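Q: This is coords-v6.pdb, which holds PDB, C-alpha atoms:
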ATOM      1  CA  MET N   1     108.813  56.763  44.938
ATOM      2  CA  THR N   2     109.972  60.128  46.123
ATOM      3  CA  ARG N   3     107.672  63.041  46.764
ATOM      4  CA  SER N   4     108.843  64.804  43.644
ATOM      5  CA  ASP N   5     108.111  61.649  41.596
ATOM      6  CA  ARG N   6     104.548  61.580  42.933
ATOM      7  CA  GLU N   7     104.095  65.226  42.099
ATOM      8  CA  SER N   8     105.396  64.769  38.611
ATOM      9  CA  LEU N   9     102.987  61.863  38.060
ATOM     10  CA  ALA N  10      99.948  63.717  39.303
ATOM     11  CA  PRO N  11      97.889  65.081  36.432
ATOM     12  CA  ALA N  12      98.343  68.817  36.175
ATOM     13  CA  PRO N  13      95.056  70.645  36.473
ATOM     14  CA  ALA N  14      94.067  72.207  33.177
ATOM     15  CA  ARG N  15      94.752  75.896  33.533
ATOM     16  CA  PRO N  16      91.508  77.845  33.265
ATOM     17  CA  VAL N  17      91.348  80.505  30.625
ATOM     18  CA  GLY N  18      89.943  83.902  31.631
ATOM     19  CA  LEU N  19      87.551  85.704  29.312
ATOM     20  CA  LEU N  20      86.527  89.202  30.347
ATOM     21  CA  VAL N  21      83.244  90.321  28.788
ATOM     22  CA  THR N  22      82.568  93.882  29.798
ATOM     23  CA  HIS N  23      81.114  97.225  28.858
ATOM     24  CA  ALA N  24      83.231  99.447  26.635
ATOM     25  CA  GLY N  25      86.964  99.316  27.457
ATOM     26  CA  LEU N  26      86.627  98.146  31.052
ATOM     27  CA  GLY N  27      87.921  94.624  30.419
ATOM     28  CA  THR N  28      90.966  95.846  28.539
ATOM     29  CA  GLU N  29      91.843  98.243  31.328
ATOM     30  CA  LEU N  30      91.248  95.665  34.044
ATOM     31  CA  LEU N  31      93.528  93.192  32.320
ATOM     32  CA  ARG N  32      96.148  95.871  31.688
ATOM     33  CA  THR N  33      96.051  96.724  35.388
ATOM     34  CA  VAL N  34      96.339  93.074  36.424
ATOM     35  CA  GLU N  35      99.391  92.744  34.206
ATOM     36  CA  GLY N  36     100.854  95.868  35.780
ATOM     37  CA  ILE N  37     100.622  94.113  39.146
ATOM     38  CA  LEU N  38     101.246  90.444  38.353
ATOM     39  CA  GLY N  39     103.128  90.667  35.085
ATOM     40  CA  ALA N  40     102.088  89.668  31.578
ATOM     41  CA  GLN N  41      99.326  87.054  31.403
ATOM     42  CA  THR N  42      98.631  84.423  28.797
ATOM     43  CA  ASP N  43      95.339  82.563  28.430
ATOM     44  CA  ALA N  44      93.407  85.760  29.036
ATOM     45  CA  PHE N  45      91.037  87.376  26.565
ATOM     46  CA  VAL N  46      88.821  90.417  26.469
ATOM     47  CA  LEU N  47      85.544  90.983  24.659
ATOM     48  CA  SER N  48      83.815  94.361  24.728
ATOM     49  CA  ASN N  49      80.052  94.607  24.288
ATOM     50  CA  GLU N  50      80.441  97.608  21.997
ATOM     51  CA  GLY N  51      78.570  97.246  18.750
ATOM     52  CA  TYR N  52      76.930  93.946  19.641
ATOM     53  CA  SER N  53      73.281  93.153  20.010
ATOM     54  CA  GLY N  54      72.502  90.831  22.914
ATOM     55  CA  GLU N  55      72.176  87.882  20.552
ATOM     56  CA  ALA N  56      75.392  88.721  18.709
ATOM     57  CA  LEU N  57      77.279  89.122  21.975
ATOM     58  CA  SER N  58      76.196  85.646  23.078
ATOM     59  CA  ARG N  59      77.430  84.230  19.759
ATOM     60  CA  ALA N  60      80.723  86.124  20.122
ATOM     61  CA  ILE N  61      81.226  84.618  23.596
ATOM     62  CA  GLU N  62      80.525  81.159  22.195
ATOM     63  CA  ASP N  63      83.052  81.771  19.407
ATOM     64  CA  ARG N  64      85.747  82.882  21.827
ATOM     65  CA  VAL N  65      85.176  79.866  24.047
ATOM     66  CA  ARG N  66      85.254  77.570  21.023
ATOM     67  CA  GLU N  67      88.721  78.866  20.174
ATOM     68  CA  VAL N  68      90.036  77.569  23.502
ATOM     69  CA  PRO N  69      91.252  73.950  23.349
ATOM     70  CA  GLY N  70      88.501  71.671  24.590
ATOM     71  CA  GLU N  71      90.155  70.320  27.733
ATOM     72  CA  ARG N  72      90.640  73.796  29.192
ATOM     73  CA  PRO N  73      87.958  75.241  31.432
ATOM     74  CA  VAL N  74      86.953  78.832  30.783
ATOM     75  CA  VAL N  75      85.903  81.394  33.356
ATOM     76  CA  VAL N  76      83.808  84.215  31.899
ATOM     77  CA  PHE N  77      84.011  87.403  33.939
ATOM     78  CA  THR N  78      81.319  90.027  33.403
ATOM     79  CA  ASP N  79      80.686  93.373  35.049
ATOM     80  CA  LEU N  80      76.954  93.954  35.520
ATOM     81  CA  ALA N  81      75.005  90.781  36.212
ATOM     82  CA  ALA N  82      71.887  92.539  34.932
ATOM     83  CA  GLY N  83      73.623  94.124  31.965
ATOM     84  CA  SER N  84      74.090  93.007  28.396
ATOM     85  CA  CYS N  85      77.343  91.219  29.215
ATOM     86  CA  GLY N  86      75.949  89.275  32.159
ATOM     87  CA  ILE N  87      72.813  88.319  30.263
ATOM     88  CA  ALA N  88      74.719  87.340  27.123
ATOM     89  CA  SER N  89      77.126  85.196  29.134
ATOM     90  CA  ARG N  90      74.213  83.296  30.682
ATOM     91  CA  ARG N  91      72.532  82.884  27.314
ATOM     92  CA  ALA N  92      75.625  81.565  25.579
ATOM     93  CA  ASP N  93      75.476  77.838  24.918
ATOM     94  CA  HIS N  94      78.764  75.975  25.220
ATOM     95  CA  GLY N  95      77.450  72.437  25.023
ATOM     96  CA  GLY N  96      79.150  70.198  27.543
ATOM     97  CA  ARG N  97      82.204  72.396  28.095
ATOM     98  CA  VAL N  98      83.251  73.612  31.514
ATOM     99  CA  VAL N  99      82.467  77.319  31.351
ATOM    100  CA  ARG N 100      81.896  79.096  34.652
ATOM    101  CA  LYS N 101      80.588  82.625  34.988
ATOM    102  CA  VAL N 102      81.554  85.283  37.497
ATOM    103  CA  THR N 103      79.620  88.550  37.544
ATOM    104  CA  GLY N 104      80.535  91.826  39.220
ATOM    105  CA  VAL N 105      84.176  91.503  38.265
ATOM    106  CA  ASN N 106      86.602  93.773  40.075
ATOM    107  CA  LEU N 107      90.347  93.939  40.498
ATOM    108  CA  PRO N 108      90.535  91.740  43.629
ATOM    109  CA  VAL N 109      88.628  88.989  41.807
ATOM    110  CA  LEU N 110      90.993  89.067  38.857
ATOM    111  CA  LEU N 111      94.131  89.211  40.939
ATOM    112  CA  GLU N 112      92.957  86.145  42.846
ATOM    113  CA  PHE N 113      92.111  84.326  39.645
ATOM    114  CA  PHE N 114      95.388  84.959  37.882
ATOM    115  CA  HIS N 115      97.404  84.367  41.027
ATOM    116  CA  TYR N 116      95.893  80.994  41.905
ATOM    117  CA  ARG N 117      94.568  79.528  38.667
ATOM    118  CA  ASP N 118      97.643  77.326  38.220
ATOM    119  CA  THR N 119      97.627  75.935  41.733
ATOM    120  CA  LEU N 120      94.011  75.571  42.846
ATOM    121  CA  PRO N 121      91.352  73.355  41.311
ATOM    122  CA  LEU N 122      88.537  75.358  39.789
ATOM    123  CA  ASP N 123      86.009  74.257  42.417
ATOM    124  CA  GLU N 124      88.226  75.694  45.124
ATOM    125  CA  LEU N 125      89.234  78.736  43.173
ATOM    126  CA  LEU N 126      85.744  80.000  42.316
ATOM    127  CA  PRO N 127      84.473  80.407  45.899
ATOM    128  CA  ARG N 128      87.702  82.259  46.675
ATOM    129  CA  LEU N 129      87.008  84.646  43.824
ATOM    130  CA  GLU N 130      83.559  85.394  45.184
ATOM    131  CA  ALA N 131      84.900  85.930  48.700
ATOM    132  CA  LYS N 132      87.766  88.137  47.525
ATOM    133  CA  GLY N 133      85.503  90.223  45.332
ATOM    134  CA  LYS N 134      83.084  90.886  48.170
ATOM    135  CA  ALA N 135      85.831  91.445  50.727
ATOM    136  CA  GLY N 136      87.376  94.005  48.421
ATOM    137  CA  ILE N 137      84.423  96.307  48.983
ATOM    138  CA  THR N 138      84.413  98.172  52.248
ATOM    139  CA  VAL N 139      82.523 101.277  53.272
ATOM    140  CA  SER N 140      83.794 103.537  56.010
TER     141      SER N 140
ATOM    142  CA  MET F   1      50.088 107.471  34.384
ATOM    143  CA  PRO F   2      50.945 107.398  30.696
ATOM    144  CA  LEU F   3      53.511 105.043  29.286
ATOM    145  CA  LEU F   4      56.912 106.432  30.313
ATOM    146  CA  LEU F   5      59.001 104.921  27.573
ATOM    147  CA  ALA F   6      58.494 102.728  24.527
ATOM    148  CA  ARG F   7      61.930 101.672  23.355
ATOM    149  CA  ILE F   8      63.330  99.587  20.552
ATOM    150  CA  ASP F   9      66.488  97.974  21.863
ATOM    151  CA  ASP F  10      67.813  94.616  20.743
ATOM    152  CA  ARG F  11      69.506  94.168  24.137
ATOM    153  CA  LEU F  12      66.114  94.610  25.852
ATOM    154  CA  ILE F  13      66.705  94.901  29.616
ATOM    155  CA  HIS F  14      70.363  95.801  30.136
ATOM    156  CA  GLY F  15      72.597  98.415  31.745
ATOM    157  CA  GLN F  16      71.413 101.434  29.765
ATOM    158  CA  VAL F  17      67.790 100.588  30.443
ATOM    159  CA  VAL F  18      68.180  99.559  34.075
ATOM    160  CA  HIS F  19      70.601 102.248  35.194
ATOM    161  CA  GLY F  20      70.394 104.933  32.518
ATOM    162  CA  TRP F  21      66.643 105.182  32.008
ATOM    163  CA  GLY F  22      65.569 103.326  35.113
ATOM    164  CA  SER F  23      67.145 105.761  37.551
ATOM    165  CA  SER F  24      65.357 108.744  36.059
ATOM    166  CA  LEU F  25      62.016 107.136  35.148
ATOM    167  CA  ARG F  26      61.720 104.818  38.174
ATOM    168  CA  PRO F  27      59.547 102.236  36.388
ATOM    169  CA  THR F  28      57.392  99.830  38.358
ATOM    170  CA  TRP F  29      56.524  97.640  35.388
ATOM    171  CA  MET F  30      58.460  96.628  32.286
ATOM    172  CA  GLY F  31      56.930  94.735  29.411
ATOM    173  CA  ILE F  32      59.122  93.016  26.865
ATOM    174  CA  VAL F  33      56.996  92.693  23.754
ATOM    175  CA  SER F  34      58.272  89.759  21.737
ATOM    176  CA  ASP F  35      56.420  86.747  20.409
ATOM    177  CA  THR F  36      59.729  84.880  20.272
ATOM    178  CA  LEU F  37      60.644  85.467  23.908
ATOM    179  CA  ARG F  38      57.085  84.839  25.065
ATOM    180  CA  ALA F  39      57.350  81.369  23.515
ATOM    181  CA  ASP F  40      60.712  80.676  25.194
ATOM    182  CA  PRO F  41      60.307  81.140  28.970
ATOM    183  CA  ALA F  42      63.848  80.013  29.816
ATOM    184  CA  ARG F  43      65.345  82.649  27.538
ATOM    185  CA  ALA F  44      62.860  85.262  28.702
ATOM    186  CA  ASP F  45      63.895  84.654  32.315
ATOM    187  CA  LEU F  46      67.438  85.769  31.505
ATOM    188  CA  TYR F  47      66.096  89.214  30.711
ATOM    189  CA  LEU F  48      63.361  89.357  33.340
ATOM    190  CA  PHE F  49      65.942  88.591  36.031
ATOM    191  CA  ALA F  50      67.643  91.863  35.091
ATOM    192  CA  ALA F  51      64.651  94.089  35.929
ATOM    193  CA  PRO F  52      65.633  96.914  38.261
ATOM    194  CA  GLU F  53      64.718  96.853  41.940
ATOM    195  CA  GLY F  54      61.165  98.028  42.495
ATOM    196  CA  SER F  55      60.087  96.954  39.058
ATOM    197  CA  ARG F  56      58.504  93.763  37.830
ATOM    198  CA  ALA F  57      59.080  92.611  34.296
ATOM    199  CA  VAL F  58      57.046  90.378  32.032
ATOM    200  CA  ALA F  59      57.423  88.991  28.544
ATOM    201  CA  LEU F  60      54.355  89.447  26.389
ATOM    202  CA  SER F  61      53.320  88.560  22.890
ATOM    203  CA  VAL F  62      52.103  91.383  20.680
ATOM    204  CA  GLN F  63      48.578  90.007  21.015
ATOM    205  CA  GLU F  64      48.789  89.942  24.819
ATOM    206  CA  THR F  65      50.039  93.511  24.836
ATOM    207  CA  LEU F  66      46.983  94.565  22.890
ATOM    208  CA  SER F  67      44.673  93.058  25.519
ATOM    209  CA  GLU F  68      42.596  95.249  27.790
ATOM    210  CA  GLU F  69      44.318  93.755  30.822
ATOM    211  CA  THR F  70      47.782  94.787  29.642
ATOM    212  CA  ARG F  71      46.612  98.228  28.634
ATOM    213  CA  ARG F  72      45.119  98.726  32.094
ATOM    214  CA  THR F  73      48.428  97.659  33.646
ATOM    215  CA  VAL F  74      50.363 100.059  31.439
ATOM    216  CA  GLU F  75      48.084 102.875  32.546
ATOM    217  CA  ALA F  76      48.143 101.959  36.222
ATOM    218  CA  GLU F  77      51.913 101.519  36.583
ATOM    219  CA  ARG F  78      55.023 103.501  35.782
ATOM    220  CA  SER F  79      55.525 101.543  32.607
ATOM    221  CA  ILE F  80      58.208 100.863  30.062
ATOM    222  CA  LEU F  81      57.679  98.802  26.931
ATOM    223  CA  LEU F  82      60.710  97.244  25.278
ATOM    224  CA  PHE F  83      60.849  95.866  21.753
ATOM    225  CA  PRO F  84      63.640  93.762  20.230
ATOM    226  CA  GLY F  85      63.037  95.244  16.791
ATOM    227  CA  VAL F  86      60.888  97.510  14.689
ATOM    228  CA  GLU F  87      58.163  95.042  13.780
ATOM    229  CA  GLU F  88      56.682  94.735  17.264
ATOM    230  CA  PRO F  89      55.803  98.412  17.816
ATOM    231  CA  LEU F  90      54.458  98.621  14.265
ATOM    232  CA  ARG F  91      52.173  95.643  14.874
ATOM    233  CA  LEU F  92      51.077  97.154  18.185
ATOM    234  CA  LYS F  93      50.203 100.457  16.567
ATOM    235  CA  GLN F  94      48.420  98.745  13.717
ATOM    236  CA  GLY F  95      46.487  96.745  16.296
ATOM    237  CA  GLY F  96      45.219  99.891  17.956
ATOM    238  CA  PHE F  97      47.649 100.320  20.854
ATOM    239  CA  PRO F  98      47.930 104.031  21.706
ATOM    240  CA  LEU F  99      51.635 104.424  20.986
ATOM    241  CA  THR F 100      52.528 108.070  20.454
ATOM    242  CA  ASP F 101      56.322 108.056  20.856
ATOM    243  CA  VAL F 102      58.922 105.405  20.186
ATOM    244  CA  ASN F 103      62.540 105.684  21.200
ATOM    245  CA  VAL F 104      65.056 103.803  19.095
ATOM    246  CA  GLY F 105      67.749 103.132  21.640
ATOM    247  CA  GLY F 106      69.803 100.282  20.279
ATOM    248  CA  LEU F 107      69.729  98.351  17.023
ATOM    249  CA  HIS F 108      73.208  97.016  16.626
ATOM    250  CA  HIS F 109      75.191  96.020  13.596
ATOM    251  CA  ALA F 110      74.178  92.894  11.739
ATOM    252  CA  PRO F 111      74.829  91.729   8.191
ATOM    253  CA  GLY F 112      72.900  93.862   5.699
ATOM    254  CA  LYS F 113      72.380  96.752   8.119
ATOM    255  CA  THR F 114      73.953 100.171   7.762
ATOM    256  CA  ALA F 115      74.534 102.841  10.376
ATOM    257  CA  LEU F 116      72.104 105.688  10.783
ATOM    258  CA  LEU F 117      73.676 106.558  14.128
ATOM    259  CA  PRO F 118      76.419 104.770  16.079
ATOM    260  CA  TYR F 119      73.784 102.759  17.946
ATOM    261  CA  VAL F 120      71.166 102.499  15.194
ATOM    262  CA  TYR F 121      71.799 100.136  12.296
ATOM    263  CA  LEU F 122      68.956  99.535   9.882
ATOM    264  CA  ASP F 123      68.211  97.480   6.815
ATOM    265  CA  GLY F 124      65.609  98.289   4.189
ATOM    266  CA  ARG F 125      62.854  96.474   6.030
ATOM    267  CA  ASP F 126      63.599  98.329   9.277
ATOM    268  CA  ARG F 127      63.418 101.632   7.408
ATOM    269  CA  GLU F 128      60.098 100.711   5.826
ATOM    270  CA  SER F 129      58.659  99.730   9.196
ATOM    271  CA  LEU F 130      59.859 102.929  10.829
ATOM    272  CA  ARG F 131      58.378 104.987   8.018
ATOM    273  CA  ALA F 132      55.116 103.089   8.451
ATOM    274  CA  LEU F 133      55.171 103.842  12.192
ATOM    275  CA  ALA F 134      55.744 107.524  11.472
ATOM    276  CA  ALA F 135      52.936 107.507   8.935
ATOM    277  CA  LEU F 136      50.630 106.228  11.678
ATOM    278  CA  GLY F 137      51.461 109.300  13.725
ATOM    279  CA  VAL F 138      54.164 107.894  15.989
ATOM    280  CA  ARG F 139      56.925 110.329  16.853
ATOM    281  CA  LEU F 140      60.279 108.599  16.407
ATOM    282  CA  THR F 141      63.415 109.577  18.251
ATOM    283  CA  ALA F 142      66.817 107.982  18.622
ATOM    284  CA  GLN F 143      68.408 108.346  22.019
ATOM    285  CA  ASP F 144      70.566 105.801  23.800
ATOM    286  CA  LEU F 145      70.590 107.482  27.219
ATOM    287  CA  PRO F 146      68.477 110.235  28.785
ATOM    288  CA  THR F 147      71.593 112.350  29.266
ATOM    289  CA  ASN F 148      72.581 112.130  25.588
ATOM    290  CA  PRO F 149      71.049 114.106  22.708
ATOM    291  CA  SER F 150      67.773 112.982  21.214
ATOM    292  CA  HIS F 151      67.525 112.853  17.419
ATOM    293  CA  ARG F 152      64.304 112.991  15.423
ATOM    294  CA  LEU F 153      64.412 109.961  13.168
ATOM    295  CA  GLU F 154      61.926 110.901  10.467
ATOM    296  CA  PRO F 155      64.273 113.345   8.669
ATOM    297  CA  LEU F 156      67.107 110.821   8.849
ATOM    298  CA  LEU F 157      64.922 108.215   7.189
ATOM    299  CA  GLU F 158      63.962 110.446   4.282
ATOM    300  CA  GLY F 159      65.551 109.257   1.086
ATOM    301  CA  ALA F 160      67.584 106.622   2.905
ATOM    302  CA  GLY F 161      67.273 103.078   1.604
TER     303      GLY F 161
END
The structure in this file should be written as structure tokens.
A:
Amino acid sequence: MTRSDRESLAPAPARPVGLLVTHAGLGTELLRTVEGILGAQTDAFVLSNEGYSGEALSRAIEDRVREVPGERPVVVFTDLAAGSCGIASRRADHGGRVVRKVTGVNLPVLLEFFHYRDTLPLDELLPRLEAKGKAGITVS
Amino acid sequence: MPLLLARIDDRLIHGQVVHGWGSSLRPTWMGIVSDTLRADPARADLYLFAAPEGSRAVALSVQETLSEETRRTVEAERSILLFPGVEEPLRLKQGGFPLTDVNVGGLHHAPGKTALLPYVYLDGRDRESLRALAALGVRLTAQDLPTNPSHRLEPLLEGAG
């Protein structure tokens, strides 16, 4: 068996879907900026908190996740951990699905996610997101 | 110290409350008045976690809020009371709590509710409860953020629904 045969037999990791849940138009602009840097992205969705109560926002997150085929993990990115988006994402109930949450989203986090989501397993990718997001903030 | 803010907001503790109001009012105590949340500690924790630095937050039933102990706390601290809907402040006022002003800061769209303001959607029952609060002498304003205009609600409720 050649190396390429082994690679072709290895199960491809299910590509995680990114769902940005943010205040106002922040998520849309973040995604637009990511696409300006990395090119057009599929498997990426945006949900604004505008017009939603906390309860309704949680239900909307659940609905969006439900639309993703069941074998695909979902990473929910929110801006303020202590804001309506962060709270609603923690409240949302996805049953047994793999849905991970990342708060404090910024551009370095998203670039890392979209750059490596096809090559790194989720358990390796998520700590990288946290590290990149923090490292992206410097004060001088 | 009188109560700094009594606010109806279906998002309870969130960005507008923590950063918008919190930075100017600098609360040291926040009470979420909700029988439903009080009975569901896991859900309540999601909101209590979001309390701003320097402030402690608790979930209380309406009955607990009416207690002498809570009223002493409200007086002793820089306090904010948050309500998920209109019924809770009405029950508090009817129970003798000295509410004088209520800010309607966020009641979002839901089936059967119509817009009074972009961040205030009401159904007939909400309107009745707000009118009842006003009739008990509570001054009602709608204001999402301290830097945005404040609207007196009583005239907007007249003849509506």
Q: Step by step, work through what the PyMOL selection byres ((chain N) within 12 of (chain F)) selects in the shown file, and finish by giving those residues as a ChimeraX atom specification.
A: /N:22-24,49-58,79-93
Q: Given the PyMOL selection byres ((chain N and resi 32) around 12) and the file above, list the residues it selects as a list in words.
A: Leu20, Gly25, Leu26, Gly27, Thr28, Glu29, Leu30, Leu31, Thr33, Val34, Glu35, Gly36, Ile37, Leu38, Gly39, Ala40, Gln41, Ala44, Phe45, Val46, Leu107, Leu110 and Leu111 of chain N
Q: Please provide as a count of residues only all residues within 10 Å of Ala132 (chain F), with the sequence filter that same-chain residues fewer than 5 positions apart are discarded (counting only C-alpha atoms).
A: 7
Q: Do a neighbour search on region 76-79 of chain F at 10 Å with all atoms listed in the file, toss out local chain neighbours closer than 5 positions, and write the hits as a list in words.
A: Met1, Pro2, Leu3, Leu4, Leu5, Ala6, Leu25, Arg26, Pro27, Thr28, Trp29, Met30, Gly31, Ser55, Arg56, Ala57, Thr70 and Arg71 of chain F
Q: Any idea what's packed within 7 Å of Ser61 (chain F), counting all atoms listed in the file, ignoring anything in its chain fewer than 4 positions away? Could you give it as a VMD selection string?
A: chain F and resid 33 to 35 38 65
Q: I'd like to know which of F:Glu53, F:Asp144, F:Glu68, F:Asp40 is closest to Asn103 (chain F), using all atoms listed in the file.
A: F:Asp144
Q: Just the number, please: distance in Å from CA of Val109 (chain N) to CA of Phe77 (chain N), one decimal.
A: 9.3 Å
Q: In terms of the shortest atom-to-atom distance over all atoms listed in the file, which of N:Thr42, N:Ser48, N:His94, N:Arg100 is closest to Gly70 (chain N)?
A: N:His94
